[in-house]
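A short worksheet on the structure shown next.
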Amino acid sequence: MAFTITVADTGERFPCAEGQNVLAAMVRLGRRDIPVGCRGGGCGICRVQVLGAARYRTLKMSRAQVSAADEARGIALACKLLPEADLTVKALGLLECRLNPVAGGAPHRG
Amino acid sequence: MSFRGVMRPGHAVIRVLEMEPAVTHYVERLGLIKTNEDAQGRVYLKAWDEHDAFSIVLREADAPGLDVMAFKVHGTAELDRLEADLRAYGVNCERVAAGELADCGHRVRFEIPTGHAIELYAEKKYVGNLVGNHNPNPWPEGLKGMQVYRFDHCLLYGPKLADNLDLFTNVLGFDLTERIVTPDGGLLATFFSCSNKAHDIAFVHHDVPDKFHHASFMLMTWEEVLRAADIMSMHDIAIDIGPTRHGITRGRTIYFFDPSGNRNEVFCGDYTWYPDREPITWEAGEIGRAIFYHDRRLNENFLGVVT
Ligand code: FES
Ligand SMILES: [Fe+2]
């Protein structure tokens with residue numbers, strides 16, 4: 001059984017098989033609607049918010065990236081997000097706003 | 001060799017989300033050997049060509065990342081001297097009792113300017129490598145997966161690289177081997193050796209302190225690096241980049257991820273460092289080829305994806 005994942009930001013849709021995580025389903029199609037990093041629930045780059053009333057489960061995710069409060073309001077790491085129905089997700093990106101030291105100007109000195 | 005003081009990376013304690021898949025990854029895929037498990041459930045691992053009881057400790061936790069990287073010091077007198085030097089420099093040191101990690105002597109633990117915990121220790125149980133010291137064979141049979149030879153170095157992300165450079169070179173006795181500098185003289189990255197290697201620990205500037213980029217394991221040949229990549233595809237391990245070449249250190253490399261999202265590296269080949277060499281300088285505009293020599297640009301994950 002496959003569910004349809006809709007990415008709210010772009011309106012793009014892709015299928016995700018039962019038992020497959022949302023990020024892996026997207027990567028298999030060569031898509032980049034959600035940023036891809038460690039694929040292990042550690043780095044937080046694939047953070048998404050699941051919109052509306054939705055059925056899904058998650059595997060263990062880094063608490064540094066998704067707090068219990070986040071989880072309660074539908075925030076998850078797409079690489080640990082297993083749909084149990086069609087889902088609409090919004091890509092959130094990293095928790096911390098990290099300055100890119102190359103593109104973003106001078107690094108701290110000292 | 002005449003190097004004394006801080007000798008080499010001794011161990012890294014890596015946090016994982018779930019122990020079982022982590023052990024499968026580090027034992028069955030990288031080829032580390034499980035040597036111990038303690039009452040807290042921490043799992044102790046070593047590579048086949050390492051002589052001490054462990055070099056990687058896995059600890060299950062709510063968030064992945066690096067608890068600590070520890071260096072082995074040549075003897076207790078040197079450890080005492082380094083502890084005194086650190087205190088005199090103004091670094092708070094904590095003594096962790098012998099046996100807190102099984103088979104390891106007391107550790108001197110302190111925080112460096114990038115926010116990471118570093119430890120020094122002088123004693124760890126000697127168990128020998130898998131071929132022994134008496135008429136040894138060149139390698140042991142029956143190794144698993146990538147068959148890594150040793151835990152080699154870590155790359156860590158954090159702020160205050162200039163302060164960190166001063167601590168590592170002027171107190172801990174490391175040499176700066178390579179650096180990436182901005183046009184105004186700021187440091188984007190620093191690579192340090194306490195030995196004959198091109199790096200034993202390295203840092204990249206990052207605003208958030210105490211971040212873990214990768215733990216690296218040594219292979220001997222490019223063919224072994226390629227074979228490691230084959231194993232990653234056989235077992236659907238997430239590859240970050242490679243096999244490719246680093247400009248910095250000249251290493252031939254693959255970056256990949258453990259099941260908790262911690263980045264690992266397997267690599268072979270760098271140059272021999274001697275303390276009378278001048279450090280290598282890379283300009284920030286050349287950071288692409290400094291890090292990934294063939295792509296000549298950073299991949300999107302190099303700066304942002306850490307645990
Ligand atoms: S890709 Fe790193 S947490 Fe999902
Ligand atoms: Fe490395």
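In the structure tokens, chains take letters A, B, ... by order of appearance, with residues numbered from 1 within each chain and ligands from 1 in the order shown.
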Do you know which residues are within 10 Å of ligand 1 using only C-alpha atoms and all ligand atoms? Can you write them as a compact mmCIF listing (two decimals) with all heavy atoms, in the first residue's frame?
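Result file is pocket_13.txt:
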```txt
# COMPACT_ATOMS: atom_id res chain seq x y z
N ASN A 21 10.15 5.45 5.02
CA ASN A 21 10.12 6.81 5.56
C ASN A 21 9.97 7.82 4.42
O ASN A 21 10.33 7.55 3.27
CB ASN A 21 11.33 7.09 6.47
CG ASN A 21 12.64 7.24 5.73
OD1 ASN A 21 12.81 8.18 4.96
ND2 ASN A 21 13.56 6.30 5.96
N VAL A 22 9.42 8.97 4.78
CA VAL A 22 9.06 9.98 3.77
C VAL A 22 10.30 10.45 3.00
O VAL A 22 10.26 10.62 1.78
CB VAL A 22 8.33 11.15 4.46
CG1 VAL A 22 8.22 12.36 3.55
CG2 VAL A 22 6.94 10.69 4.93
N LEU A 23 11.42 10.63 3.71
CA LEU A 23 12.61 11.15 3.03
C LEU A 23 13.17 10.13 2.03
O LEU A 23 13.52 10.48 0.90
CB LEU A 23 13.69 11.51 4.07
CG LEU A 23 14.75 12.48 3.55
CD1 LEU A 23 14.16 13.87 3.37
CD2 LEU A 23 15.95 12.53 4.48
N ALA A 24 13.22 8.86 2.44
CA ALA A 24 13.72 7.82 1.54
C ALA A 24 12.84 7.72 0.30
O ALA A 24 13.34 7.55 -0.82
CB ALA A 24 13.80 6.48 2.27
N ILE A 34 12.37 18.21 0.18
CA ILE A 34 12.77 18.36 1.59
C ILE A 34 14.29 18.18 1.61
O ILE A 34 14.82 17.30 0.94
CB ILE A 34 12.10 17.25 2.46
CG1 ILE A 34 10.57 17.30 2.31
CG2 ILE A 34 12.52 17.38 3.92
CD1 ILE A 34 9.88 16.05 2.83
N PRO A 35 15.03 19.04 2.35
CA PRO A 35 16.50 18.89 2.38
C PRO A 35 16.92 17.53 2.96
O PRO A 35 16.28 17.02 3.88
CB PRO A 35 16.97 20.03 3.28
CG PRO A 35 15.81 20.94 3.45
CD PRO A 35 14.56 20.17 3.15
N VAL A 36 17.99 16.99 2.41
CA VAL A 36 18.45 15.66 2.80
C VAL A 36 19.81 15.76 3.48
O VAL A 36 20.72 16.40 2.95
CB VAL A 36 18.58 14.75 1.56
CG1 VAL A 36 19.08 13.37 1.96
CG2 VAL A 36 17.26 14.66 0.83
N GLY A 37 19.94 15.16 4.65
CA GLY A 37 21.24 15.17 5.34
C GLY A 37 21.64 13.77 5.74
O GLY A 37 21.91 12.92 4.90
N CYS A 38 21.64 13.53 7.05
CA CYS A 38 22.21 12.29 7.59
C CYS A 38 21.34 11.06 7.36
O CYS A 38 21.81 9.94 7.43
CB CYS A 38 22.45 12.45 9.09
SG CYS A 38 20.92 12.55 10.05
N ARG A 39 20.05 11.26 7.14
CA ARG A 39 19.09 10.19 6.93
C ARG A 39 19.00 9.23 8.12
O ARG A 39 18.54 8.10 8.00
CB ARG A 39 19.40 9.42 5.63
CG ARG A 39 19.03 10.23 4.39
CD ARG A 39 19.81 9.88 3.17
NE ARG A 39 21.12 10.53 3.17
CZ ARG A 39 22.05 10.34 2.27
NH1 ARG A 39 21.85 9.50 1.29
NH2 ARG A 39 23.22 10.99 2.34
N GLY A 40 19.45 9.71 9.30
CA GLY A 40 19.41 8.86 10.48
C GLY A 40 18.71 9.50 11.68
O GLY A 40 18.84 9.01 12.79
N GLY A 41 18.02 10.60 11.47
CA GLY A 41 17.31 11.24 12.58
C GLY A 41 18.22 12.02 13.50
O GLY A 41 17.88 12.25 14.67
N GLY A 42 19.38 12.44 13.00
CA GLY A 42 20.35 13.10 13.86
C GLY A 42 20.57 14.57 13.57
O GLY A 42 20.71 15.38 14.48
N CYS A 43 20.61 14.95 12.30
CA CYS A 43 21.09 16.29 11.96
C CYS A 43 19.99 17.34 11.93
O CYS A 43 20.26 18.53 12.07
CB CYS A 43 21.81 16.27 10.61
SG CYS A 43 20.70 16.11 9.19
N GLY A 44 18.74 16.93 11.73
CA GLY A 44 17.61 17.86 11.78
C GLY A 44 17.32 18.61 10.49
O GLY A 44 16.38 19.39 10.44
N ILE A 45 18.11 18.38 9.46
CA ILE A 45 17.92 19.18 8.25
C ILE A 45 16.61 18.83 7.53
O ILE A 45 16.08 19.64 6.78
CB ILE A 45 19.15 19.03 7.31
CG1 ILE A 45 19.31 20.29 6.46
CG2 ILE A 45 19.06 17.80 6.44
CD1 ILE A 45 20.69 20.41 5.83
N CYS A 46 16.07 17.65 7.80
CA CYS A 46 14.84 17.22 7.12
C CYS A 46 13.60 17.47 7.97
O CYS A 46 12.55 16.87 7.71
CB CYS A 46 14.95 15.73 6.77
SG CYS A 46 14.88 14.66 8.22
N ARG A 47 13.69 18.38 8.95
CA ARG A 47 12.52 18.65 9.82
C ARG A 47 11.32 19.09 9.00
O ARG A 47 11.43 19.95 8.12
CB ARG A 47 12.83 19.77 10.81
CG ARG A 47 13.72 19.37 11.95
CD ARG A 47 14.11 20.59 12.77
NE ARG A 47 13.25 20.76 13.92
CZ ARG A 47 12.55 21.84 14.17
NH1 ARG A 47 12.54 22.85 13.35
NH2 ARG A 47 11.81 21.91 15.26
N VAL A 48 10.19 18.52 9.33
CA VAL A 48 8.95 18.90 8.66
C VAL A 48 7.85 19.06 9.71
O VAL A 48 7.95 18.54 10.83
CB VAL A 48 8.47 17.85 7.62
CG1 VAL A 48 9.45 17.74 6.46
CG2 VAL A 48 8.25 16.48 8.27
N MET A 61 13.95 9.83 17.15
CA MET A 61 14.57 11.02 16.52
C MET A 61 15.40 11.75 17.56
O MET A 61 15.14 11.66 18.76
CB MET A 61 13.46 11.96 16.03
CG MET A 61 12.46 11.33 15.09
SD MET A 61 11.16 12.47 14.56
CE MET A 61 10.10 12.52 16.00
N SER A 62 16.39 12.52 17.11
CA SER A 62 17.23 13.28 18.04
C SER A 62 16.38 14.29 18.81
O SER A 62 15.71 15.13 18.21
CB SER A 62 18.33 14.01 17.28
OG SER A 62 19.01 14.88 18.18
N GLN A 65 16.82 17.90 18.07
CA GLN A 65 16.21 18.45 16.87
C GLN A 65 14.69 18.52 16.95
O GLN A 65 14.08 19.39 16.34
CB GLN A 65 16.62 17.62 15.64
CG GLN A 65 18.12 17.55 15.41
CD GLN A 65 18.74 18.91 15.13
OE1 GLN A 65 18.05 19.89 14.81
NE2 GLN A 65 20.06 19.00 15.25
N VAL A 66 14.08 17.59 17.69
CA VAL A 66 12.63 17.57 17.85
C VAL A 66 12.33 17.35 19.33
O VAL A 66 12.56 16.27 19.86
CB VAL A 66 11.98 16.45 17.01
CG1 VAL A 66 10.46 16.44 17.20
CG2 VAL A 66 12.32 16.61 15.53
N ALA A 76 8.34 16.58 12.91
CA ALA A 76 9.03 15.29 12.82
C ALA A 76 10.22 15.43 11.88
O ALA A 76 10.35 16.42 11.16
CB ALA A 76 8.07 14.22 12.29
N LEU A 77 11.09 14.44 11.91
CA LEU A 77 12.18 14.36 10.94
C LEU A 77 11.70 13.43 9.82
O LEU A 77 11.30 12.28 10.09
CB LEU A 77 13.44 13.83 11.61
CG LEU A 77 13.94 14.70 12.77
CD1 LEU A 77 15.12 14.05 13.49
CD2 LEU A 77 14.31 16.09 12.29
N ALA A 78 11.73 13.93 8.60
CA ALA A 78 11.14 13.16 7.49
C ALA A 78 11.81 11.81 7.33
O ALA A 78 11.18 10.85 6.87
CB ALA A 78 11.25 13.97 6.20
N CYS A 79 13.10 11.70 7.72
CA CYS A 79 13.80 10.42 7.58
C CYS A 79 13.36 9.40 8.63
O CYS A 79 13.79 8.25 8.57
CB CYS A 79 15.31 10.63 7.61
SG CYS A 79 15.95 11.29 9.16
N LYS A 80 12.55 9.83 9.59
CA LYS A 80 12.03 8.91 10.62
C LYS A 80 10.50 8.93 10.65
O LYS A 80 9.89 8.50 11.62
CB LYS A 80 12.58 9.31 11.99
CG LYS A 80 14.09 9.18 12.11
CD LYS A 80 14.52 7.72 12.21
CE LYS A 80 16.02 7.60 12.38
NZ LYS A 80 16.43 6.19 12.55
N LEU A 81 9.91 9.45 9.59
CA LEU A 81 8.46 9.65 9.54
C LEU A 81 7.83 8.59 8.64
O LEU A 81 8.12 8.54 7.44
CB LEU A 81 8.18 11.06 9.00
CG LEU A 81 6.73 11.45 8.70
CD1 LEU A 81 5.87 11.42 9.96
CD2 LEU A 81 6.70 12.85 8.08
N GLY A 93 13.34 22.94 7.84
CA GLY A 93 14.78 23.20 7.88
C GLY A 93 15.33 23.09 9.29
O GLY A 93 14.64 22.66 10.21
N LEU A 94 16.56 23.52 9.44
CA LEU A 94 17.28 23.33 10.70
C LEU A 94 16.65 24.11 11.84
O LEU A 94 16.11 25.19 11.65
CB LEU A 94 18.73 23.77 10.55
CG LEU A 94 19.61 22.83 9.73
CD1 LEU A 94 20.95 23.47 9.51
CD2 LEU A 94 19.77 21.51 10.47
N ALA B 238 23.78 5.29 4.21
CA ALA B 238 23.69 6.62 3.59
C ALA B 238 25.09 7.18 3.35
O ALA B 238 25.85 7.40 4.29
CB ALA B 238 22.88 7.56 4.49
N PHE B 257 27.10 7.90 6.87
CA PHE B 257 26.43 8.13 8.15
C PHE B 257 26.14 6.82 8.87
O PHE B 257 25.80 5.82 8.23
CB PHE B 257 25.12 8.89 7.93
CG PHE B 257 25.32 10.29 7.41
CD1 PHE B 257 25.13 10.56 6.07
CD2 PHE B 257 25.70 11.32 8.26
CE1 PHE B 257 25.31 11.85 5.58
CE2 PHE B 257 25.88 12.61 7.78
CZ PHE B 257 25.69 12.88 6.44
N SER B 260 22.32 6.54 13.38
CA SER B 260 21.80 7.65 14.19
C SER B 260 22.11 9.00 13.55
O SER B 260 21.85 10.04 14.15
CB SER B 260 22.42 7.62 15.59
OG SER B 260 22.22 6.37 16.19
N GLY B 261 22.72 9.00 12.37
CA GLY B 261 23.03 10.26 11.69
C GLY B 261 24.38 10.85 12.02
O GLY B 261 24.69 11.95 11.58
N ASN B 262 25.20 10.14 12.82
CA ASN B 262 26.58 10.60 13.01
C ASN B 262 27.37 10.29 11.74
O ASN B 262 27.30 9.17 11.22
CB ASN B 262 27.24 9.86 14.18
CG ASN B 262 26.58 10.16 15.51
OD1 ASN B 262 26.49 11.32 15.92
ND2 ASN B 262 26.12 9.12 16.19
N ASN B 301 25.88 19.53 2.29
CA ASN B 301 25.84 19.03 3.67
C ASN B 301 27.10 19.31 4.47
O ASN B 301 27.11 19.12 5.68
CB ASN B 301 25.63 17.51 3.66
CG ASN B 301 24.21 17.15 3.26
OD1 ASN B 301 23.32 17.99 3.32
ND2 ASN B 301 24.02 15.91 2.85
N VAL B 305 25.32 19.87 8.04
CA VAL B 305 24.85 18.60 8.59
C VAL B 305 25.85 18.06 9.60
O VAL B 305 26.92 17.58 9.25
CB VAL B 305 24.58 17.59 7.44
CG1 VAL B 305 24.29 16.21 8.00
CG2 VAL B 305 23.42 18.07 6.60
N VAL B 306 25.49 18.21 10.87
CA VAL B 306 26.33 17.76 11.97
C VAL B 306 25.43 17.22 13.07
O VAL B 306 24.22 17.43 13.06
CB VAL B 306 27.20 18.93 12.54
CG1 VAL B 306 28.30 19.29 11.56
CG2 VAL B 306 26.34 20.16 12.84
N THR B 307 26.02 16.51 14.03
CA THR B 307 25.21 16.05 15.18
C THR B 307 25.83 16.56 16.47
O THR B 307 26.91 17.13 16.46
CB THR B 307 25.12 14.51 15.24
OG1 THR B 307 26.43 13.95 15.19
CG2 THR B 307 24.29 13.96 14.10
```
For the alpha helix (DSSP H) assignment from backbone DSSP, which residues of chain A qualify? Please present them as a ChimeraX atom specification. /A:22-28,68-72
What separation in Å, quoted to one decimal, exists between atom CA of Gly158 of chain B and atom CA of Phe203 of chain B? 7.2 Å
How would you write, as a ChimeraX atom specification, the set of residues no farther than 10 Å from ligand 2 when counting only C-alpha atoms and all ligand atoms? /B:152-156,191,199-202,213-218,246,248-249,251-255,263-267,291
Those selected residues, please, written with N, CA and C atoms and delivered as a short mmCIF file (atom, residue, chain, number, x, y, z; two decimals), in the first residue's frame.
```cif
data_model
loop_
_atom_site.label_atom_id
_atom_site.label_comp_id
_atom_site.auth_asym_id
_atom_site.auth_seq_id
_atom_site.Cartn_x
_atom_site.Cartn_y
_atom_site.Cartn_z
N ASP B 152 41.07 6.94 13.59
CA ASP B 152 42.20 7.80 13.21
C ASP B 152 42.11 9.24 13.71
N HIS B 153 40.96 9.90 13.52
CA HIS B 153 40.83 11.31 13.90
C HIS B 153 39.36 11.70 13.95
N CYS B 154 39.08 12.88 14.49
CA CYS B 154 37.73 13.46 14.42
C CYS B 154 37.82 14.85 13.80
N LEU B 155 36.75 15.24 13.11
CA LEU B 155 36.55 16.63 12.69
C LEU B 155 35.39 17.17 13.50
N LEU B 156 35.64 18.29 14.19
CA LEU B 156 34.65 18.88 15.10
C LEU B 156 34.33 20.29 14.64
N PHE B 191 43.75 22.21 11.27
CA PHE B 191 44.08 20.78 11.35
C PHE B 191 45.31 20.63 12.22
N HIS B 199 46.78 14.80 10.29
CA HIS B 199 45.88 15.32 11.32
C HIS B 199 45.49 14.22 12.30
N ASP B 200 45.40 14.64 13.56
CA ASP B 200 44.84 13.78 14.61
C ASP B 200 43.50 14.33 15.09
N ILE B 201 43.30 15.64 14.90
CA ILE B 201 42.01 16.28 15.20
C ILE B 201 41.93 17.53 14.32
N ALA B 202 40.72 17.89 13.93
CA ALA B 202 40.55 19.06 13.07
C ALA B 202 39.27 19.78 13.47
N HIS B 213 31.28 16.57 13.44
CA HIS B 213 31.20 16.38 11.99
C HIS B 213 31.48 14.94 11.61
N HIS B 214 32.63 14.39 12.01
CA HIS B 214 32.84 12.97 11.74
C HIS B 214 33.94 12.36 12.59
N ALA B 215 33.82 11.05 12.73
CA ALA B 215 34.90 10.22 13.26
C ALA B 215 35.43 9.41 12.09
N SER B 216 36.75 9.33 11.98
CA SER B 216 37.35 8.74 10.79
C SER B 216 38.15 7.48 11.13
N PHE B 217 38.08 6.54 10.20
CA PHE B 217 38.75 5.25 10.38
C PHE B 217 39.67 5.01 9.19
N MET B 218 40.83 4.46 9.47
CA MET B 218 41.87 4.36 8.45
C MET B 218 41.79 3.05 7.67
N HIS B 246 40.42 14.49 -0.69
CA HIS B 246 40.52 15.76 0.02
C HIS B 246 41.77 16.51 -0.47
N ILE B 248 43.00 19.10 1.39
CA ILE B 248 43.63 19.12 2.71
C ILE B 248 43.96 17.69 3.11
N THR B 249 45.16 17.44 3.54
CA THR B 249 45.71 16.14 3.97
C THR B 249 45.93 15.15 2.82
N GLY B 251 43.96 13.10 1.65
CA GLY B 251 43.30 11.83 1.92
C GLY B 251 42.33 11.43 0.83
N ARG B 252 42.25 10.12 0.57
CA ARG B 252 41.24 9.55 -0.33
C ARG B 252 40.13 9.03 0.57
N THR B 253 38.90 9.41 0.32
CA THR B 253 37.89 9.40 1.38
C THR B 253 36.49 9.03 0.93
N ILE B 254 35.69 8.57 1.87
CA ILE B 254 34.23 8.52 1.74
C ILE B 254 33.65 9.04 3.05
N TYR B 255 32.68 9.93 2.98
CA TYR B 255 31.87 10.31 4.13
C TYR B 255 30.55 9.54 4.05
N ARG B 263 28.18 11.27 11.32
CA ARG B 263 28.97 11.03 10.11
C ARG B 263 30.23 10.23 10.44
N ASN B 264 30.53 9.27 9.61
CA ASN B 264 31.79 8.52 9.68
C ASN B 264 32.59 8.82 8.42
N GLU B 265 33.88 8.55 8.47
CA GLU B 265 34.72 8.59 7.29
C GLU B 265 35.58 7.34 7.28
N VAL B 266 35.80 6.77 6.09
CA VAL B 266 36.93 5.86 5.91
C VAL B 266 37.84 6.54 4.89
N PHE B 267 39.14 6.41 5.11
CA PHE B 267 40.07 7.12 4.23
C PHE B 267 41.37 6.34 4.18
N ILE B 291 38.50 20.94 0.44
CA ILE B 291 37.74 19.87 1.09
C ILE B 291 37.50 18.72 0.10
#
```
Could you check how far atom CA of Gly186 of chain B sits from atom CA of Ala162 of chain B, in Å to one decimal?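 Between these atoms lies a distance of 8.0 Å.
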Which is closer to Ala17 of chain A than all the others in A:Arg31, A:Ala69, A:Leu82, A:Ala2, using only C-alpha atoms?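 For Ala17 of chain A, the nearest of the given residues is A:Ala2.
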Neighbouring residues of Asn196 of chain B were defined as those with any atom within 12 Å, considering only C-alpha atoms; residues of the same chain fewer than 2 positions away were excluded. Please report them as a PyMOL selection string. chain B and resi 1-4+7-8+174-177+192-194+198-200+270-277
Would you mind exporting the chosen residues as an mmCIF file, in the first residue's frame, restricted to N, CA, C and O atoms?
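Contents of out-v1.cif, freshly written:
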```
data_model
loop_
_atom_site.group_PDB
_atom_site.id
_atom_site.type_symbol
_atom_site.label_atom_id
_atom_site.label_comp_id
_atom_site.auth_asym_id
_atom_site.auth_seq_id
_atom_site.Cartn_x
_atom_site.Cartn_y
_atom_site.Cartn_z
ATOM 1 N N MET B 1 60.284 6.530 17.229
ATOM 2 C CA MET B 1 59.746 7.890 17.270
ATOM 3 C C MET B 1 60.137 8.566 18.569
ATOM 4 O O MET B 1 60.264 7.945 19.603
ATOM 5 N N SER B 2 60.252 9.851 18.470
ATOM 6 C CA SER B 2 60.600 10.572 19.687
ATOM 7 C C SER B 2 59.425 11.356 20.231
ATOM 8 O O SER B 2 59.582 12.102 21.158
ATOM 9 N N PHE B 3 58.234 11.221 19.622
ATOM 10 C CA PHE B 3 57.161 12.041 20.175
ATOM 11 C C PHE B 3 56.659 11.498 21.511
ATOM 12 O O PHE B 3 56.461 10.309 21.687
ATOM 13 N N ARG B 4 56.526 12.423 22.416
ATOM 14 C CA ARG B 4 56.069 12.130 23.769
ATOM 15 C C ARG B 4 54.942 13.104 24.066
ATOM 16 O O ARG B 4 54.463 13.784 23.177
ATOM 17 N N MET B 7 50.217 11.511 22.607
ATOM 18 C CA MET B 7 50.721 10.598 21.562
ATOM 19 C C MET B 7 49.783 10.448 20.380
ATOM 20 O O MET B 7 50.212 10.417 19.239
ATOM 21 N N ARG B 8 48.480 10.248 20.688
ATOM 22 C CA ARG B 8 47.566 9.881 19.604
ATOM 23 C C ARG B 8 46.125 9.879 20.104
ATOM 24 O O ARG B 8 45.887 9.819 21.311
ATOM 25 N N PHE B 174 50.375 20.188 20.219
ATOM 26 C CA PHE B 174 50.083 19.781 18.849
ATOM 27 C C PHE B 174 50.759 20.748 17.882
ATOM 28 O O PHE B 174 51.072 21.883 18.232
ATOM 29 N N ASP B 175 50.951 20.292 16.630
ATOM 30 C CA ASP B 175 51.377 21.179 15.548
ATOM 31 C C ASP B 175 50.174 21.496 14.679
ATOM 32 O O ASP B 175 49.347 20.620 14.404
ATOM 33 N N LEU B 176 50.112 22.755 14.216
ATOM 34 C CA LEU B 176 49.132 23.121 13.183
ATOM 35 C C LEU B 176 49.697 22.623 11.854
ATOM 36 O O LEU B 176 50.797 23.013 11.461
ATOM 37 N N THR B 177 48.941 21.748 11.163
ATOM 38 C CA THR B 177 49.444 21.225 9.888
ATOM 39 C C THR B 177 48.814 21.936 8.691
ATOM 40 O O THR B 177 49.473 22.148 7.685
ATOM 41 N N PHE B 192 45.257 19.703 13.176
ATOM 42 C CA PHE B 192 46.347 19.548 14.146
ATOM 43 C C PHE B 192 46.884 18.125 14.166
ATOM 44 O O PHE B 192 46.102 17.171 14.076
ATOM 45 N N SER B 193 48.193 18.017 14.361
ATOM 46 C CA SER B 193 48.822 16.710 14.533
ATOM 47 C C SER B 193 49.554 16.674 15.870
ATOM 48 O O SER B 193 50.219 17.636 16.239
ATOM 49 N N CYS B 194 49.428 15.558 16.576
ATOM 50 C CA CYS B 194 50.267 15.346 17.765
ATOM 51 C C CYS B 194 51.296 14.268 17.457
ATOM 52 O O CYS B 194 51.949 13.746 18.345
ATOM 53 N N ALA B 198 49.016 13.670 9.153
ATOM 54 C CA ALA B 198 48.589 14.990 8.669
ATOM 55 C C ALA B 198 47.543 15.612 9.593
ATOM 56 O O ALA B 198 47.403 16.829 9.647
ATOM 57 N N HIS B 199 46.782 14.797 10.290
ATOM 58 C CA HIS B 199 45.877 15.318 11.321
ATOM 59 C C HIS B 199 45.490 14.223 12.303
ATOM 60 O O HIS B 199 45.332 13.057 11.938
ATOM 61 N N ASP B 200 45.399 14.639 13.557
ATOM 62 C CA ASP B 200 44.840 13.785 14.607
ATOM 63 C C ASP B 200 43.502 14.329 15.089
ATOM 64 O O ASP B 200 42.689 13.596 15.655
ATOM 65 N N ASP B 270 47.715 9.880 3.531
ATOM 66 C CA ASP B 270 47.986 11.298 3.692
ATOM 67 C C ASP B 270 49.501 11.438 3.566
ATOM 68 O O ASP B 270 50.132 10.598 2.938
ATOM 69 N N TYR B 271 50.072 12.473 4.107
ATOM 70 C CA TYR B 271 51.520 12.623 4.034
ATOM 71 C C TYR B 271 52.103 12.459 5.433
ATOM 72 O O TYR B 271 51.376 12.332 6.414
ATOM 73 N N THR B 272 53.412 12.444 5.514
ATOM 74 C CA THR B 272 54.065 12.321 6.807
ATOM 75 C C THR B 272 54.391 13.710 7.342
ATOM 76 O O THR B 272 55.024 14.509 6.653
ATOM 77 N N TRP B 273 53.937 13.975 8.506
ATOM 78 C CA TRP B 273 54.193 15.268 9.145
ATOM 79 C C TRP B 273 55.468 15.191 9.990
ATOM 80 O O TRP B 273 55.701 14.189 10.675
ATOM 81 N N TYR B 274 56.284 16.230 9.921
ATOM 82 C CA TYR B 274 57.381 16.399 10.873
ATOM 83 C C TYR B 274 57.277 17.786 11.487
ATOM 84 O O TYR B 274 56.832 18.732 10.816
ATOM 85 N N PRO B 275 57.680 17.939 12.726
ATOM 86 C CA PRO B 275 57.443 19.212 13.425
ATOM 87 C C PRO B 275 58.260 20.385 12.890
ATOM 88 O O PRO B 275 57.995 21.526 13.272
ATOM 89 N N ASP B 276 59.229 20.145 12.006
ATOM 90 C CA ASP B 276 59.961 21.286 11.441
ATOM 91 C C ASP B 276 59.310 21.815 10.164
ATOM 92 O O ASP B 276 59.834 22.727 9.529
ATOM 93 N N ARG B 277 58.167 21.231 9.771
ATOM 94 C CA ARG B 277 57.465 21.728 8.579
ATOM 95 C C ARG B 277 56.683 22.997 8.887
ATOM 96 O O ARG B 277 56.284 23.230 10.019
#
```
Exercise: Ala61 of chain B partners within 10 Å, only C-alpha atoms, chain neighbours under 2 positions left out, as a ChimeraX atom specification: /A:62-63 /B:14-19,58-59,63-65
Could you turn the residues from that selection into a file that holds N, CA and C atoms, as a CSV table (one decimal), in the first residue's frame?
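And here is the file that came out, part.csv:
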```csv
chain,number,residue,atom,x,y,z
A,62,SER,N,16.4,12.5,17.1
A,62,SER,CA,17.2,13.3,18.0
A,62,SER,C,16.4,14.3,18.8
A,63,ARG,N,16.4,14.2,20.1
A,63,ARG,CA,15.7,15.2,21.0
A,63,ARG,C,16.3,16.6,20.8
B,14,ILE,N,30.8,8.0,21.4
B,14,ILE,CA,29.8,8.4,20.4
B,14,ILE,C,28.4,8.1,20.9
B,15,ARG,N,27.5,9.1,20.9
B,15,ARG,CA,26.1,8.8,21.3
B,15,ARG,C,25.3,8.3,20.1
B,16,VAL,N,24.5,7.3,20.4
B,16,VAL,CA,23.7,6.7,19.3
B,16,VAL,C,22.2,6.7,19.8
B,17,LEU,N,21.3,6.7,18.9
B,17,LEU,CA,19.9,6.7,19.3
B,17,LEU,C,19.4,5.3,19.7
B,18,GLU,N,19.9,4.3,19.0
B,18,GLU,CA,19.5,2.9,19.4
B,18,GLU,C,20.8,2.1,19.2
B,19,MET,N,21.0,1.3,20.3
B,19,MET,CA,22.3,0.5,20.3
B,19,MET,C,22.4,-0.6,19.3
B,58,LEU,N,30.2,3.3,22.4
B,58,LEU,CA,28.9,3.7,21.9
B,58,LEU,C,28.0,3.9,23.2
B,59,ARG,N,27.3,5.0,23.3
B,59,ARG,CA,26.4,5.2,24.4
B,59,ARG,C,25.0,5.6,23.9
B,63,ALA,N,19.9,12.0,21.9
B,63,ALA,CA,20.4,12.8,20.8
B,63,ALA,C,21.8,12.2,20.4
B,64,PRO,N,22.0,12.0,19.1
B,64,PRO,CA,23.4,11.5,18.7
B,64,PRO,C,24.4,12.7,18.8
B,65,GLY,N,25.7,12.3,18.6
B,65,GLY,CA,26.7,13.3,18.7
B,65,GLY,C,27.9,12.7,19.4
```
Surrounding residues of Arg13 of chain A excluding itself and chain neighbours under 5 positions, 12 Å, only C-alpha atoms, as a PyMOL selection string: chain A and resi 3-8+22+25-26+29+31-34+86-89
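Of the residues under consideration (B:Gly132, B:Gly145, B:Gly90, B:Pro259), B:Pro259 shows the shortest atom-to-atom contact distance to chain A when counting only C-alpha atoms.
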Just list as a ChimeraX atom specification whatever in segment 34-125 of chain B DSSP marks as strand (DSSP E or B). /B:34-37,43-46,52,56-60,65-73,94-96,104,107-111,117-121,124
